[in-house]
file input-v8.csv (CSV, C-alpha atoms)
chain,number,residue,atom,x,y,z
A,1,MET,CA,210.9,28.1,49.7
A,2,LYS,CA,209.3,25.3,47.8
A,3,LYS,CA,207.6,22.5,49.9
A,4,VAL,CA,207.5,18.8,49.4
A,5,LEU,CA,205.1,16.5,51.4
A,6,ILE,CA,206.5,13.0,51.9
A,7,ILE,CA,203.8,10.5,52.9
A,8,ASP,CA,204.4,7.2,54.6
A,9,SER,CA,207.8,6.3,53.2
A,10,HIS,CA,210.2,3.8,54.7
A,11,PRO,CA,212.4,5.4,57.4
A,12,LEU,CA,215.6,4.8,55.3
A,13,PHE,CA,214.1,6.5,52.3
A,14,ARG,CA,212.4,9.3,54.2
A,15,GLU,CA,215.5,10.4,56.1
A,16,PHE,CA,217.8,10.2,53.1
A,17,LEU,CA,215.4,12.1,50.9
A,18,LYS,CA,214.6,14.7,53.6
A,19,GLN,CA,218.3,15.5,54.0
A,20,LYS,CA,218.9,15.6,50.2
A,21,LEU,CA,216.1,18.0,49.6
A,22,TYR,CA,217.0,20.2,52.6
A,23,ASP,CA,220.5,20.5,51.2
A,24,ASP,CA,218.9,22.0,48.0
A,25,GLN,CA,216.9,24.5,50.1
A,26,ILE,CA,213.6,22.6,49.8
A,27,GLU,CA,211.3,22.4,52.8
A,28,VAL,CA,210.2,18.8,53.6
A,29,VAL,CA,207.0,17.9,55.6
A,30,LEU,CA,206.4,14.3,56.7
A,31,SER,CA,203.0,12.6,57.1
A,32,GLN,CA,201.3,9.3,57.4
A,33,VAL,CA,198.7,8.3,54.9
A,34,GLY,CA,196.2,6.8,57.3
A,35,ARG,CA,196.2,9.7,59.7
A,36,ASP,CA,196.9,13.3,58.7
A,37,ALA,CA,198.0,13.2,55.1
A,38,TYR,CA,195.0,15.0,53.7
A,39,THR,CA,195.0,17.5,56.5
A,40,ARG,CA,198.6,18.3,56.0
A,41,THR,CA,198.1,18.7,52.3
A,42,ILE,CA,195.3,21.2,52.9
A,43,SER,CA,197.3,23.1,55.5
A,44,ILE,CA,200.6,23.5,53.6
A,45,LEU,CA,199.5,23.2,49.9
A,46,PRO,CA,202.9,21.7,48.9
A,47,ASN,CA,204.5,22.1,45.5
A,48,LEU,CA,204.9,18.3,45.2
A,49,ILE,CA,203.7,15.2,47.1
A,50,ILE,CA,205.8,12.1,47.2
A,51,LEU,CA,203.7,9.1,48.2
A,52,ASP,CA,205.0,5.6,49.1
A,53,MET,CA,202.3,3.2,48.0
A,54,SER,CA,201.7,0.0,49.9
A,55,GLU,CA,200.9,-3.4,48.3
A,56,ASP,CA,197.1,-3.2,49.1
A,57,ARG,CA,196.9,0.5,48.2
A,58,LEU,CA,193.6,1.0,50.2
A,59,ASP,CA,194.6,3.9,52.4
A,60,GLU,CA,196.6,5.6,49.6
A,61,MET,CA,193.6,5.4,47.2
A,62,GLU,CA,191.4,6.9,49.8
A,63,PHE,CA,193.8,9.8,50.2
A,64,LEU,CA,194.1,10.3,46.4
A,65,GLU,CA,190.3,10.4,46.1
A,66,LYS,CA,190.0,13.1,48.7
A,67,LYS,CA,192.8,15.1,47.1
A,68,ALA,CA,191.4,14.9,43.6
A,69,ALA,CA,187.9,16.0,44.8
A,70,ASP,CA,189.2,19.1,46.5
A,71,ILE,CA,189.6,22.1,44.1
A,72,ASN,CA,192.4,23.4,46.3
A,73,THR,CA,194.6,20.3,46.1
A,74,SER,CA,193.5,18.6,42.9
A,75,ARG,CA,196.3,20.2,40.8
A,76,ILE,CA,199.2,19.3,43.2
A,77,PRO,CA,201.4,16.9,41.3
A,78,ILE,CA,202.3,13.5,42.9
A,79,ILE,CA,205.2,11.2,42.5
A,80,VAL,CA,204.5,7.7,43.7
A,81,ILE,CA,207.0,5.0,44.6
A,82,GLY,CA,205.5,1.5,45.1
A,83,PRO,CA,205.3,-2.1,44.0
A,84,ASP,CA,205.7,-3.2,40.4
A,85,ILE,CA,202.2,-3.1,39.0
A,86,ASP,CA,200.5,-3.3,35.6
A,87,LYS,CA,200.9,-0.3,33.3
A,88,THR,CA,197.2,0.0,33.0
A,89,ASN,CA,196.8,0.4,36.8
A,90,ILE,CA,199.6,3.0,36.7
A,91,ALA,CA,197.9,5.0,34.0
A,92,ALA,CA,194.7,5.0,36.0
A,93,LEU,CA,196.5,7.0,38.7
A,94,ALA,CA,196.9,10.0,36.3
A,95,LYS,CA,193.4,11.3,37.1
A,96,TYR,CA,194.5,11.8,40.7
A,97,GLY,CA,197.4,14.1,39.7
A,98,VAL,CA,200.0,11.3,39.7
A,99,ILE,CA,202.6,12.3,37.1
A,100,LYS,CA,205.4,9.8,37.9
A,101,TYR,CA,205.4,6.2,39.2
A,102,PHE,CA,208.6,4.5,40.2
A,103,ALA,CA,208.6,0.8,41.0
A,104,LYS,CA,210.9,-0.3,43.8
A,105,PRO,CA,213.8,-0.5,43.9
A,106,ILE,CA,214.1,2.9,42.4
A,107,GLN,CA,217.0,4.4,40.6
A,108,PHE,CA,217.9,7.4,42.6
A,109,ASP,CA,219.5,9.6,40.0
A,110,ILE,CA,216.5,9.2,37.7
A,111,PHE,CA,214.2,9.8,40.7
A,112,PHE,CA,216.0,13.0,41.6
A,113,GLU,CA,215.8,14.2,38.0
A,114,ALA,CA,212.0,13.8,38.1
A,115,ILE,CA,211.7,15.8,41.4
A,116,GLY,CA,213.8,18.6,39.9
A,117,GLU,CA,211.7,18.7,36.8
A,118,VAL,CA,208.5,19.1,38.8
A,119,LEU,CA,209.9,21.7,41.1
A,120,HIS,CA,211.7,23.5,38.3
A,121,ASN,CA,214.7,23.3,40.5
A,122,GLN,CA,217.5,21.0,39.3
A,123,LEU,CA,218.9,19.1,42.3
A,124,SER,CA,222.6,18.8,42.9
A,125,LEU,CA,223.8,15.3,42.2
A,126,ASP,CA,227.2,13.8,42.5
A,127,THR,CA,227.8,11.8,39.2
A,128,THR,CA,231.2,10.3,40.2
A,129,PRO,CA,231.3,6.7,39.0
A,130,CYS,CA,231.1,4.5,42.0
A,131,VAL,CA,230.3,0.9,42.8
A,132,LEU,CA,229.2,0.4,46.5
A,133,ASP,CA,228.3,-3.0,47.8
A,134,LEU,CA,227.2,-3.8,51.4
A,135,HIS,CA,227.0,-7.3,52.8
A,136,ARG,CA,227.2,-9.1,56.1
A,137,ASN,CA,228.7,-12.3,57.5
A,138,GLY,CA,228.0,-12.9,61.1
A,139,ASN,CA,228.7,-9.6,63.0
A,140,ILE,CA,231.1,-8.4,60.3
A,141,ILE,CA,229.8,-6.0,57.7
A,142,PHE,CA,231.8,-5.5,54.5
A,143,ILE,CA,231.6,-2.2,52.7
A,144,GLU,CA,233.2,-2.5,49.3
A,145,ILE,CA,233.8,0.6,47.2
A,146,ALA,CA,235.3,0.7,43.8
A,147,GLN,CA,235.9,3.3,41.0
A,148,GLY,CA,235.3,6.4,43.1
A,149,LEU,CA,233.7,8.1,46.1
A,150,ASN,CA,230.2,9.2,45.3
A,151,ARG,CA,228.6,11.4,47.9
A,152,GLU,CA,225.0,10.4,47.1
A,153,LYS,CA,225.8,6.7,47.7
A,154,ILE,CA,227.9,7.5,50.8
A,155,ALA,CA,225.0,9.5,52.3
A,156,LEU,CA,222.6,6.6,51.6
A,157,LEU,CA,225.1,4.2,53.1
A,158,GLN,CA,224.6,5.7,56.5
A,159,TYR,CA,220.9,4.8,56.6
A,160,LYS,CA,221.3,1.5,54.9
A,161,LEU,CA,224.0,0.5,57.4
A,162,SER,CA,221.9,1.4,60.4
A,163,GLU,CA,218.9,-0.4,58.9
A,164,LEU,CA,221.0,-3.6,58.4
A,165,ILE,CA,222.3,-3.5,61.9
A,166,GLU,CA,218.9,-3.1,63.5
A,167,ARG,CA,217.2,-5.6,61.2
A,168,GLU,CA,219.8,-8.3,61.8
A,169,GLU,CA,220.0,-7.4,65.6
A,170,ILE,CA,223.8,-7.0,65.5
A,171,ASP,CA,224.9,-5.9,69.0
A,172,SER,CA,228.6,-5.3,68.3
A,173,PRO,CA,229.0,-4.8,64.5
A,174,LYS,CA,232.5,-4.9,63.0
A,175,ILE,CA,233.1,-2.9,59.9
A,176,VAL,CA,235.6,-3.6,57.0
A,177,ILE,CA,235.8,-0.8,54.5
A,178,MET,CA,237.4,-2.2,51.4
A,179,LEU,CA,239.0,0.5,49.2
A,180,THR,CA,241.6,-1.8,47.5
A,181,ASN,CA,240.9,-0.6,44.0
A,182,LEU,CA,240.9,3.2,44.7
A,183,GLU,CA,243.8,5.5,44.0
A,184,LEU,CA,243.3,8.2,46.6
A,185,THR,CA,245.1,11.5,47.1
A,186,PHE,CA,244.7,14.6,49.3
A,187,VAL,CA,241.9,15.8,46.9
A,188,ASP,CA,239.8,12.9,48.1
A,189,GLY,CA,240.1,13.9,51.7
A,190,TYR,CA,236.8,15.7,51.8
A,191,ASN,CA,234.9,12.6,50.5
A,192,LEU,CA,236.9,10.2,52.6
A,193,GLU,CA,236.0,12.1,55.7
A,194,PHE,CA,232.3,12.0,54.6
A,195,LEU,CA,232.6,8.2,54.2
A,196,ILE,CA,234.0,7.6,57.7
A,197,GLU,CA,231.6,10.0,59.3
A,198,ASN,CA,228.6,8.2,57.7
A,199,VAL,CA,229.9,4.9,58.9
A,200,ILE,CA,230.5,5.8,62.5
A,201,ALA,CA,227.3,7.8,62.7
A,202,CYS,CA,225.5,4.6,63.8
A,203,PRO,CA,225.7,4.6,67.7
A,204,LYS,CA,226.5,0.8,67.7
A,205,ILE,CA,229.6,1.2,65.6
A,206,HIS,CA,232.8,2.0,67.6
A,207,ASN,CA,236.1,3.2,66.1
A,208,LYS,CA,238.0,0.2,67.4
A,209,ASN,CA,235.7,-2.1,65.4
A,210,VAL,CA,236.3,-0.2,62.1
A,211,LYS,CA,239.0,-1.4,59.8
A,212,ILE,CA,240.0,0.0,56.4
A,213,LEU,CA,241.6,-2.1,53.7
A,214,SER,CA,243.5,0.1,51.3
A,215,LEU,CA,246.7,0.2,49.3
A,216,SER,CA,246.8,4.0,49.5
A,217,SER,CA,249.4,5.6,51.8
A,218,PHE,CA,247.2,8.7,51.9
A,219,VAL,CA,244.5,6.9,53.9
A,220,GLN,CA,246.9,6.2,56.7
A,221,ALA,CA,248.2,9.8,56.8
A,222,PHE,CA,244.6,10.9,56.7
A,223,LEU,CA,243.6,8.8,59.8
A,224,ASP,CA,246.7,9.9,61.7
A,225,GLY,CA,245.7,13.5,61.1
A,226,HIS,CA,242.2,13.1,62.6
A,227,PRO,CA,242.1,12.6,66.4
A,228,ALA,CA,238.4,11.9,66.2
A,229,TYR,CA,239.2,8.7,64.2
A,230,SER,CA,241.5,7.3,66.8
A,231,GLY,CA,241.1,3.5,67.0
A,232,ILE,CA,240.3,3.1,63.3
A,233,GLU,CA,243.0,1.0,61.8
A,234,MET,CA,244.1,0.7,58.2
A,235,SER,CA,245.9,-2.2,56.5
A,236,ASN,CA,246.8,-3.3,53.1
A,237,ASN,CA,246.6,-7.0,54.1
A,238,LEU,CA,243.2,-8.7,54.2
A,239,PRO,CA,244.3,-11.6,56.5
A,240,LYS,CA,245.6,-9.1,59.0
A,241,VAL,CA,242.3,-7.2,59.0
A,242,LEU,CA,240.4,-10.4,59.6
A,243,ASN,CA,242.7,-11.7,62.3
A,244,SER,CA,242.0,-8.5,64.3
A,245,LEU,CA,238.2,-9.0,64.0
A,246,VAL,CA,237.4,-12.7,64.2
A,247,ASP,CA,238.3,-15.7,66.4
A,248,THR,CA,241.1,-17.3,64.4
A,249,THR,CA,241.0,-20.4,66.6
A,250,ILE,CA,238.1,-21.7,64.5
A,251,THR,CA,240.6,-22.5,61.7
A,252,SER,CA,244.3,-22.7,61.3
A,253,SER,CA,244.2,-21.7,57.7
A,254,VAL,CA,244.0,-18.1,56.6
A,255,SER,CA,242.6,-19.1,53.2
A,256,ASP,CA,239.9,-21.0,55.0
A,257,LEU,CA,239.2,-18.0,57.1
A,258,ILE,CA,238.8,-15.7,54.1
A,259,THR,CA,236.6,-18.3,52.4
A,260,GLU,CA,234.4,-18.7,55.4
A,261,LYS,CA,234.1,-15.1,56.4
A,262,ILE,CA,233.9,-13.3,53.0
A,263,ILE,CA,233.3,-15.6,50.0
A,264,THR,CA,230.6,-17.7,51.8
A,265,PRO,CA,227.9,-15.4,53.1
A,266,SER,CA,226.0,-16.2,56.2
A,267,ASN,CA,222.2,-16.8,56.2
A,268,MET,CA,220.5,-13.4,55.9
A,269,ALA,CA,217.1,-12.6,57.1
A,270,GLU,CA,214.4,-12.2,54.4
A,271,GLU,CA,215.0,-9.1,52.4
A,272,ASP,CA,212.9,-6.0,53.3
A,273,PHE,CA,211.3,-5.1,50.0
A,274,SER,CA,209.9,-1.9,51.6
A,275,SER,CA,213.4,-0.6,51.8
A,276,VAL,CA,215.4,1.0,49.1
A,277,GLU,CA,218.6,-0.2,47.4
A,278,THR,CA,221.6,1.9,46.5
A,279,ARG,CA,220.7,1.6,42.9
A,280,PHE,CA,221.6,4.3,40.3
A,281,TYR,CA,220.8,4.1,36.6
A,282,ALA,CA,224.3,5.5,35.9
A,283,ASP,CA,225.8,2.2,37.3
A,284,ALA,CA,224.3,0.0,34.6
A,285,SER,CA,225.9,-0.7,31.3
A,286,THR,CA,224.2,0.9,28.3
A,287,GLU,CA,223.5,-2.6,26.9
A,288,SER,CA,221.7,-3.9,29.9
A,289,ALA,CA,220.2,-0.8,31.5
A,290,LYS,CA,216.5,-0.1,31.4
A,291,LYS,CA,215.9,3.5,32.2
A,292,ASP,CA,212.7,4.0,34.2
A,293,ASP,CA,211.8,7.6,33.9
A,294,GLY,CA,208.7,7.1,36.0
A,295,SER,CA,206.2,8.2,33.3
A,296,VAL,CA,202.6,7.4,34.3
A,297,LEU,CA,201.2,8.0,30.8
A,298,SER,CA,202.7,7.1,27.4
A,299,ILE,CA,200.8,8.8,24.6
A,300,ALA,CA,201.0,8.4,20.8
A,301,ILE,CA,199.9,11.4,18.8
A,302,ILE,CA,199.2,10.9,15.0
A,303,ASP,CA,198.6,14.1,13.1
A,304,GLU,CA,200.0,15.4,9.8
A,305,MET,CA,199.4,19.0,10.7
A,306,PRO,CA,202.6,20.2,12.4
A,307,GLN,CA,200.9,22.9,14.5
A,308,PHE,CA,198.3,20.5,16.0
A,309,LEU,CA,200.9,17.8,16.4
A,310,GLU,CA,203.1,20.1,18.5
A,311,GLN,CA,200.2,21.7,20.4
A,312,THR,CA,198.8,18.3,21.4
A,313,ALA,CA,202.2,17.1,22.4
A,314,GLU,CA,202.8,20.1,24.6
A,315,ALA,CA,199.5,19.5,26.3
A,316,PHE,CA,200.5,16.1,27.4
A,317,THR,CA,204.1,16.9,28.3
A,318,SER,CA,202.7,19.6,30.6
A,319,ILE,CA,201.6,16.7,32.8
A,320,SER,CA,204.9,14.8,32.4
A,321,ALA,CA,203.5,12.2,30.0
A,322,LYS,CA,205.9,10.5,27.6
A,323,VAL,CA,204.8,11.5,24.1
A,324,THR,CA,205.7,9.9,20.8
A,325,LYS,CA,204.7,11.9,17.7
A,326,TYR,CA,203.8,10.5,14.3
A,327,SER,CA,203.2,12.5,11.1
A,328,SER,CA,201.6,9.6,9.3
A,329,GLY,CA,199.5,6.6,10.1
A,330,VAL,CA,201.8,4.3,8.3
A,331,GLU,CA,204.7,5.5,10.5
A,332,PHE,CA,202.7,4.7,13.6
A,333,LEU,CA,201.6,1.2,12.4
A,334,ASN,CA,205.3,0.3,11.7
A,335,ASP,CA,206.3,1.3,15.2
A,336,TYR,CA,203.2,0.1,17.1
A,337,SER,CA,203.1,-2.5,19.9
A,338,PRO,CA,200.2,-2.8,22.4
A,339,GLU,CA,202.4,-2.4,25.5
A,340,LYS,CA,204.0,0.8,24.3
A,341,PHE,CA,201.1,3.2,24.8
A,342,ASN,CA,198.3,4.0,27.3
A,343,LEU,CA,196.4,6.2,24.9
A,344,ILE,CA,196.4,7.2,21.2
A,345,ILE,CA,195.3,10.6,19.9
A,346,LEU,CA,194.5,10.2,16.2
A,347,ASP,CA,193.5,12.6,13.4
A,348,VAL,CA,191.6,10.0,11.4
A,349,THR,CA,191.5,12.3,8.3
A,350,ILE,CA,195.3,12.0,7.6
A,351,SER,CA,196.0,12.1,3.9
A,352,ASP,CA,197.6,8.6,3.7
A,353,SER,CA,194.1,7.1,4.4
A,354,SER,CA,195.4,5.0,7.3
A,355,GLY,CA,193.2,6.6,10.0
A,356,PHE,CA,190.4,4.0,9.8
A,357,THR,CA,192.9,1.2,9.2
A,358,ILE,CA,194.4,2.1,12.6
A,359,LEU,CA,191.0,2.0,14.2
A,360,HIS,CA,190.0,-1.3,12.7
A,361,ARG,CA,193.3,-2.9,13.6
A,362,LEU,CA,193.2,-1.8,17.2
A,363,ARG,CA,189.6,-2.7,17.6
A,364,ASN,CA,190.5,-6.4,17.0
A,365,GLN,CA,193.2,-6.4,19.7
A,366,TYR,CA,192.0,-7.1,23.3
A,367,ASP,CA,195.0,-5.4,24.8
A,368,ALA,CA,195.1,-2.3,22.5
A,369,PRO,CA,195.1,1.1,24.2
A,370,PRO,CA,192.0,3.4,23.8
A,371,VAL,CA,191.9,5.8,20.9
A,372,ILE,CA,190.6,9.4,21.0
A,373,VAL,CA,189.9,10.8,17.5
A,374,TYR,CA,190.9,14.5,17.3
A,375,SER,CA,189.7,15.8,13.9
A,376,GLN,CA,188.0,18.8,12.4
A,377,SER,CA,185.0,17.2,10.8
A,378,LEU,CA,181.6,18.2,12.3
A,379,GLN,CA,179.5,15.8,10.2
A,380,LYS,CA,177.3,13.6,12.4
A,381,GLU,CA,177.6,10.6,10.0
A,382,PHE,CA,181.4,10.9,10.1
A,383,VAL,CA,181.5,11.0,13.9
A,384,ILE,CA,179.2,7.9,14.1
A,385,LYS,CA,181.5,6.1,11.7
A,386,VAL,CA,184.5,6.9,13.8
A,387,LEU,CA,182.9,5.7,17.1
A,388,SER,CA,181.5,2.5,15.5
A,389,SER,CA,185.0,1.8,14.2
A,390,GLY,CA,186.4,1.5,17.7
A,391,ALA,CA,187.3,5.0,18.9
A,392,LYS,CA,186.5,5.7,22.5
A,393,SER,CA,185.7,9.4,22.0
A,394,TYR,CA,185.6,12.1,19.4
A,395,LEU,CA,186.9,15.7,19.8
A,396,VAL,CA,186.6,18.4,17.3
A,397,LYS,CA,189.7,20.5,16.7
A,398,PRO,CA,190.8,22.8,18.2
A,399,GLN,CA,190.2,22.3,21.9
A,400,LYS,CA,191.6,24.0,25.0
A,401,THR,CA,194.4,22.1,26.7
A,402,GLU,CA,192.3,21.5,29.8
A,403,THR,CA,189.5,20.0,27.7
A,404,LEU,CA,191.8,17.6,25.8
A,405,LEU,CA,193.5,16.5,29.0
A,406,GLN,CA,190.3,16.0,30.9
A,407,LYS,CA,188.7,14.0,28.1
A,408,SER,CA,191.8,11.8,28.0
A,409,LEU,CA,191.7,11.2,31.7
A,410,ASP,CA,188.0,10.4,31.5
A,411,VAL,CA,188.7,7.9,28.7
A,412,LEU,CA,191.5,6.2,30.7
A,413,LYS,CA,189.3,6.0,33.8
A,414,GLY,CA,186.5,4.4,31.8
A,415,ASP,CA,188.9,2.0,30.1

call {"tool": "encode", "arguments": {"input": "input-v8.csv", "output": "structure tokens"}}
result
Amino acid sequence: MKKVLIIDSHPLFREFLKQKLYDDQIEVVLSQVGRDAYTRTISILPNLIILDMSEDRLDEMEFLEKKAADINTSRIPIIVIGPDIDKTNIAALAKYGVIKYFAKPIQFDIFFEAIGEVLHNQLSLDTTPCVLDLHRNGNIIFIEIAQGLNREKIALLQYKLSELIEREEIDSPKIVIMLTNLELTFVDGYNLEFLIENVIACPKIHNKNVKILSLSSFVQAFLDGHPAYSGIEMSNNLPKVLNSLVDTTITSSVSDLITEKIITPSNMAEEDFSSVETRFYADASTESAKKDDGSVLSIAIIDEMPQFLEQTAEAFTSISAKVTKYSSGVEFLNDYSPEKFNLIILDVTISDSSGFTILHRLRNQYDAPPVIVYSQSLQKEFVIKVLSSGAKSYLVKPQKTETLLQKSLDVLKGD
């Protein structure tokens, strides 16, 4: 069984991820970065480490230094989740074995894809379209679900709900599950049961304080057929639901009640940014979505020889880098922008004579990524010309994959 070591993650994230990986027959070991993380790493030699990086990063960097210095652990891949930091700082983590970095709040479906790629074990993932929103007003928590019932989001809801109740110190929470836009039938019974079980899993939530707003006759039949759900009421009328949960003496107008209790949210405590949102890339529209695949390194390779272009690309994709290939220097220059790449691998002898043009152009840009020239010339004068033109290093073709990668990491570290 493959093993994953999770270090120092937020309780919500840790428990959700642990259960998710366990369901896919992956063993999970938990640790804390300031205490036993390195010892645990040595003892179990996991297939993957998932590290939750704090804002100051001091303890985490100490752990990464120890791991990288140990021949037994240096090659263990790491996926980091943490604060949104500069891409240069993210790229610098590659030398420690970090292959993916996800800034919070992460998109869970993309995150799970990355884990599956590293473990060579595709994780099961419910792709049912679903919009799930959770918000509070006083001691009433509204759970709004539209489009469909997605089991990943429902599973995450349990932890998010418990976290909200504890953080806001709600002693007697009242829950309104709003399913008004869902057409449910008996085939949805399995997921509906999963939803209710995850809601009432919190010890502070009692059946009598759970109301379901739905237009589906199936929901009522479903509740009637489950004795364990006795006390949970369903209604297709929002004012009726609210009347059963709040003190209606505060207003004589139902419309005022709805406005005060739903449309106007109460003051919430400061958001806990160490937590995780129920965010999925699949939720976003294609026009506005920005897919963060977590790549630590983004590499441009410029080589007109197909065999070297492919071999070099394979070397970097083996460490989960994002690779963009160019068969000519002109093609690269037309597509180039400083923020696009962390490193450029260039055969300066390409036949369109743009190799030195690239070096000269990048040398005059303060934010340009470093360039490693990877060519076949052994002439000393040529190498000197390359380095004086702005290249950070020169490698003679061909090189072993390990040599090319190590030189690249050394250049990034120095840069």

call {"tool": "closest_residue", "arguments": {"input": "input-v8.csv", "among": "A:Val118, A:Val29, A:Ile90, A:Leu17", "to": "Met53 of chain A", "atoms": "all atoms listed in the file"}}
result
A:Ile90

call {"tool": "closest_residue", "arguments": {"input": "input-v8.csv", "among": "A:Ser389, A:Phe356, A:Ala321, A:Ala300", "to": "Lys340 of chain A", "atoms": "only C-alpha atoms"}}
result
A:Ala300

call {"tool": "residues_around", "arguments": {"input": "input-v8.csv", "residues": "Lys95 of chain A", "least_positions_apart": "5", "cutoff": "10 Å", "atoms": "all atoms listed in the file", "output": "PyMOL selection string"}}
result
chain A and resi 64-65+68+74+405-406+408-410+412-413

call {"tool": "write_last_selection", "arguments": {"input": "input-v8.csv", "atoms": "C-alpha atoms", "output": "compact mmCIF listing (two decimals), in the coordinates of the input"}}
result
# COMPACT_ATOMS: atom_id res chain seq x y z
CA LEU A 64 194.10 10.30 46.40
CA GLU A 65 190.30 10.40 46.10
CA ALA A 68 191.40 14.90 43.60
CA SER A 74 193.50 18.60 42.90
CA LEU A 405 193.50 16.50 29.00
CA GLN A 406 190.30 16.00 30.90
CA SER A 408 191.80 11.80 28.00
CA LEU A 409 191.70 11.20 31.70
CA ASP A 410 188.00 10.40 31.50
CA LEU A 412 191.50 6.20 30.70
CA LYS A 413 189.30 6.00 33.80

call {"tool": "residues_around", "arguments": {"input": "input-v8.csv", "residues": "Ile145 of chain A", "least_positions_apart": "3", "cutoff": "6 Å", "atoms": "all atoms listed in the file", "output": "list in words"}}
result
Val131, Leu132 and Leu179 of chain A

call {"tool": "closest_residue", "arguments": {"input": "input-v8.csv", "among": "A:Pro306, A:Arg151, A:Ala228, A:Glu163", "to": "Leu134 of chain A", "atoms": "all atoms listed in the file"}}
result
A:Glu163

call {"tool": "closest_residue", "arguments": {"input": "input-v8.csv", "among": "A:Met61, A:Ala201, A:Met305, A:Leu161", "to": "Gln376 of chain A", "atoms": "all atoms listed in the file"}}
result
A:Met305
